[in-house]
Amino acid sequence: MKNNVTFTIVKPLALKMNYLGPILTKITENNFKIIALKMHYFSKEQACSFYGIHQGKPFFDGLIDFITSGPVVVAVLEKENAVEDYRTLIGSTNPAVAADGTIRKLYGIDIQQNAVHGSDSNENALIEAKFFFSDLEFFNY
Ligand code: IDP
Ligand code: MG
């Protein structure tokens, strides 16, 4: 597990709206293999740590309130060039300007409630995957 994985979160509103199935279908249809998967409920402390890089930005408090507003699904996805290909599949941060057919365009509501997270580098993908999963929870099949 090195440069061929990325990490994703299906965010609270997407789960509430029952978009988990369609989002996972999109992911697997695009040849990502799900090698770890679970539901999770962020504590405030975990959310502040996970999104620590955004501390001090105007949207930080709203983001923390949102990501702790309900359960999420976290997953590790394997594919060659996973990080870049998944960012392409999810589209721009703001669903309003995301390309047609992208996950955020299809299932995002607004720039905060944008359906999914996707890692922005190989290094962060590993850090984020290990934030949620132990070594025993990654599967090869
Ligand atoms: P990314 O998720 O596309 O990598 P980031 O800039 O890393 O975008 O922001 C992390 C998350 O913070 C976004 O996915 C979104 O939920 C939220 N966010 C980013 N920018 C804004 C904003 O301007 N207003 C409200 N929420 C924002
Ligand atoms: Mg980001």
# chains A, B, ... in the order shown; residues from 1 in each chain; ligands from 1
$ residues_near_ligand --ligand "ligand 1" --cutoff "9 Å" --atoms "only C-alpha atoms and all ligand atoms" --output "JSON list (two decimals) with N, CA, C and O atoms, in the first residue's frame"
[["chain", "number", "residue", "atom", "x", "y", "z"],
["A", 11, "LYS", "N", -19.81, 11.93, 3.30],
["A", 11, "LYS", "CA", -20.14, 12.89, 4.37],
["A", 11, "LYS", "C", -21.60, 12.76, 4.85],
["A", 11, "LYS", "O", -22.43, 12.15, 4.16],
["A", 51, "TYR", "N", -9.26, 17.71, 10.14],
["A", 51, "TYR", "CA", -9.29, 18.91, 9.30],
["A", 51, "TYR", "C", -8.39, 20.02, 9.85],
["A", 51, "TYR", "O", -8.58, 21.19, 9.53],
["A", 53, "ILE", "N", -5.60, 21.20, 9.16],
["A", 53, "ILE", "CA", -4.97, 22.11, 8.20],
["A", 53, "ILE", "C", -5.85, 23.33, 7.88],
["A", 53, "ILE", "O", -5.35, 24.38, 7.48],
["A", 54, "HIS", "N", -7.15, 23.19, 8.11],
["A", 54, "HIS", "CA", -8.09, 24.29, 7.79],
["A", 54, "HIS", "C", -8.40, 25.18, 9.00],
["A", 54, "HIS", "O", -9.20, 26.11, 8.88],
["A", 57, "LYS", "N", -9.49, 29.08, 9.08],
["A", 57, "LYS", "CA", -10.20, 29.53, 7.87],
["A", 57, "LYS", "C", -11.65, 29.85, 8.21],
["A", 57, "LYS", "O", -12.20, 29.29, 9.16],
["A", 58, "PRO", "N", -12.27, 30.75, 7.44],
["A", 58, "PRO", "CA", -13.64, 31.18, 7.78],
["A", 58, "PRO", "C", -14.65, 30.03, 7.81],
["A", 58, "PRO", "O", -15.63, 30.08, 8.54],
["A", 59, "PHE", "N", -14.41, 28.98, 7.03],
["A", 59, "PHE", "CA", -15.38, 27.89, 6.96],
["A", 59, "PHE", "C", -15.11, 26.78, 7.98],
["A", 59, "PHE", "O", -15.85, 25.80, 8.04],
["A", 60, "PHE", "N", -14.05, 26.94, 8.81],
["A", 60, "PHE", "CA", -13.64, 25.84, 9.69],
["A", 60, "PHE", "C", -14.74, 25.40, 10.67],
["A", 60, "PHE", "O", -15.07, 24.21, 10.75],
["A", 62, "GLY", "N", -17.96, 25.82, 10.67],
["A", 62, "GLY", "CA", -19.10, 25.23, 9.97],
["A", 62, "GLY", "C", -18.77, 23.81, 9.50],
["A", 62, "GLY", "O", -19.61, 22.91, 9.58],
["A", 63, "LEU", "N", -17.54, 23.63, 9.03],
["A", 63, "LEU", "CA", -17.11, 22.31, 8.55],
["A", 63, "LEU", "C", -17.12, 21.29, 9.70],
["A", 63, "LEU", "O", -17.59, 20.16, 9.53],
["A", 64, "ILE", "N", -16.63, 21.71, 10.86],
["A", 64, "ILE", "CA", -16.60, 20.81, 12.02],
["A", 64, "ILE", "C", -18.03, 20.47, 12.46],
["A", 64, "ILE", "O", -18.34, 19.30, 12.73],
["A", 66, "PHE", "N", -20.65, 20.45, 10.61],
["A", 66, "PHE", "CA", -21.25, 19.60, 9.58],
["A", 66, "PHE", "C", -20.74, 18.15, 9.68],
["A", 66, "PHE", "O", -21.54, 17.21, 9.71],
["A", 67, "ILE", "N", -19.44, 17.98, 9.78],
["A", 67, "ILE", "CA", -18.88, 16.61, 9.69],
["A", 67, "ILE", "C", -19.21, 15.81, 10.96],
["A", 67, "ILE", "O", -19.17, 14.59, 10.95],
["A", 87, "ARG", "N", -9.68, 12.34, -7.33],
["A", 87, "ARG", "CA", -10.00, 13.78, -7.34],
["A", 87, "ARG", "C", -10.74, 14.13, -8.64],
["A", 87, "ARG", "O", -11.66, 14.94, -8.63],
["A", 90, "ILE", "N", -14.36, 12.84, -8.27],
["A", 90, "ILE", "CA", -15.26, 13.57, -7.35],
["A", 90, "ILE", "C", -15.54, 14.99, -7.85],
["A", 90, "ILE", "O", -16.60, 15.52, -7.60],
["A", 91, "GLY", "N", -14.63, 15.60, -8.58],
["A", 91, "GLY", "CA", -14.85, 16.94, -9.12],
["A", 91, "GLY", "C", -14.47, 18.04, -8.14],
["A", 91, "GLY", "O", -14.00, 17.78, -7.03],
["A", 92, "SER", "N", -14.71, 19.28, -8.54],
["A", 92, "SER", "CA", -14.32, 20.45, -7.75],
["A", 92, "SER", "C", -15.01, 20.48, -6.39],
["A", 92, "SER", "O", -16.10, 19.93, -6.23],
["A", 93, "THR", "N", -14.36, 21.17, -5.45],
["A", 93, "THR", "CA", -14.90, 21.30, -4.08],
["A", 93, "THR", "C", -16.34, 21.80, -4.10],
["A", 93, "THR", "O", -17.17, 21.33, -3.34],
["A", 94, "ASN", "N", -16.61, 22.76, -4.96],
["A", 94, "ASN", "CA", -17.96, 23.34, -5.06],
["A", 94, "ASN", "C", -18.79, 22.60, -6.11],
["A", 94, "ASN", "O", -18.50, 22.69, -7.31],
["A", 110, "ASP", "N", -23.88, 21.72, -1.63],
["A", 110, "ASP", "CA", -23.21, 23.02, -1.71],
["A", 110, "ASP", "C", -21.73, 22.84, -1.37],
["A", 110, "ASP", "O", -21.29, 21.71, -1.14],
["A", 111, "ILE", "N", -20.98, 23.94, -1.32],
["A", 111, "ILE", "CA", -19.52, 23.83, -1.18],
["A", 111, "ILE", "C", -19.13, 23.16, 0.15],
["A", 111, "ILE", "O", -18.08, 22.51, 0.23],
["A", 112, "GLN", "N", -19.96, 23.28, 1.17],
["A", 112, "GLN", "CA", -19.66, 22.59, 2.44],
["A", 112, "GLN", "C", -20.14, 21.13, 2.39],
["A", 112, "GLN", "O", -19.39, 20.20, 2.67],
["A", 113, "GLN", "N", -21.37, 20.97, 2.00],
["A", 113, "GLN", "CA", -22.01, 19.63, 2.00],
["A", 113, "GLN", "C", -21.84, 19.01, 0.61],
["A", 113, "GLN", "O", -22.80, 18.82, -0.12],
["A", 114, "ASN", "N", -20.58, 18.70, 0.31],
["A", 114, "ASN", "CA", -20.22, 18.31, -1.06],
["A", 114, "ASN", "C", -20.04, 16.80, -1.23],
["A", 114, "ASN", "O", -19.25, 16.35, -2.05],
["A", 115, "ALA", "N", -20.78, 16.06, -0.46],
["A", 115, "ALA", "CA", -20.95, 14.58, -0.59],
["A", 115, "ALA", "C", -19.75, 13.75, -0.14],
["A", 115, "ALA", "O", -19.93, 12.79, 0.61],
["A", 116, "VAL", "N", -18.55, 14.09, -0.61],
["A", 116, "VAL", "CA", -17.40, 13.22, -0.31],
["A", 116, "VAL", "C", -16.12, 14.01, -0.08],
["A", 116, "VAL", "O", -15.95, 15.12, -0.58],
["A", 117, "HIS", "N", -15.22, 13.36, 0.65],
["A", 117, "HIS", "CA", -13.84, 13.83, 0.78],
["A", 117, "HIS", "C", -12.95, 12.96, -0.10],
["A", 117, "HIS", "O", -13.24, 11.78, -0.30],
["A", 118, "GLY", "N", -11.87, 13.52, -0.60],
["A", 118, "GLY", "CA", -10.85, 12.74, -1.30],
["A", 118, "GLY", "C", -9.47, 13.28, -0.95],
["A", 118, "GLY", "O", -9.27, 14.50, -0.95],
["A", 119, "SER", "N", -8.53, 12.39, -0.67],
["A", 119, "SER", "CA", -7.17, 12.83, -0.30],
["A", 119, "SER", "C", -6.55, 13.66, -1.41],
["A", 119, "SER", "O", -6.83, 13.44, -2.60],
["A", 120, "ASP", "N", -5.66, 14.58, -1.02],
["A", 120, "ASP", "CA", -5.05, 15.46, -2.02],
["A", 120, "ASP", "C", -3.60, 15.09, -2.37],
["A", 120, "ASP", "O", -2.98, 15.76, -3.19]]
$ select_by_dssp --residues "chain A" --states "alpha helix (DSSP H)" --output "VMD selection string"
chain A and resid 12 to 16 20 to 29 44 to 50 60 to 67 82 to 90 103 to 107 122 to 132
$ atom_distance --atom1 "CA of Ala14 (chain A)" --atom2 "CA of Ile35 (chain A)"
21.0 Å
$ select_by_dssp --residues "chain A" --states "strand (DSSP E)" --output "list in words"
Val5, Thr6, Phe7, Thr8, Ile9, Val10, Lys33, Ile34, Ile35, Ala36, Leu37, Lys38, Met39, His40, Val72, Val73, Val74, Ala75, Val76, Leu77, Glu78, Val116, His117 and Gly118 of chain A
$ closest_atom_pairs --of "region 45-121 of chain A" --to "region 136-140 of chain A" --cutoff "12 Å" --atoms "only C-alpha atoms" --output "CSV"
residue,atom,partner,partner_atom,distance
A:Ala75,CA,A:Phe138,CA,9.8
A:Val76,CA,A:Phe138,CA,8.1
A:Leu77,CA,A:Phe138,CA,10.0
A:Glu78,CA,A:Asn140,CA,9.9
$ closest_residue --among "A:Val72, A:Asp61, A:Pro12, A:Phe50" --to "Glu128 (chain A)" --atoms "only C-alpha atoms"
A:Phe50
$ closest_residue --among "A:Val73, A:Ile9, A:Leu15, A:Leu20" --to "ligand 2" --atoms "only C-alpha atoms and all ligand atoms"
A:Ile9
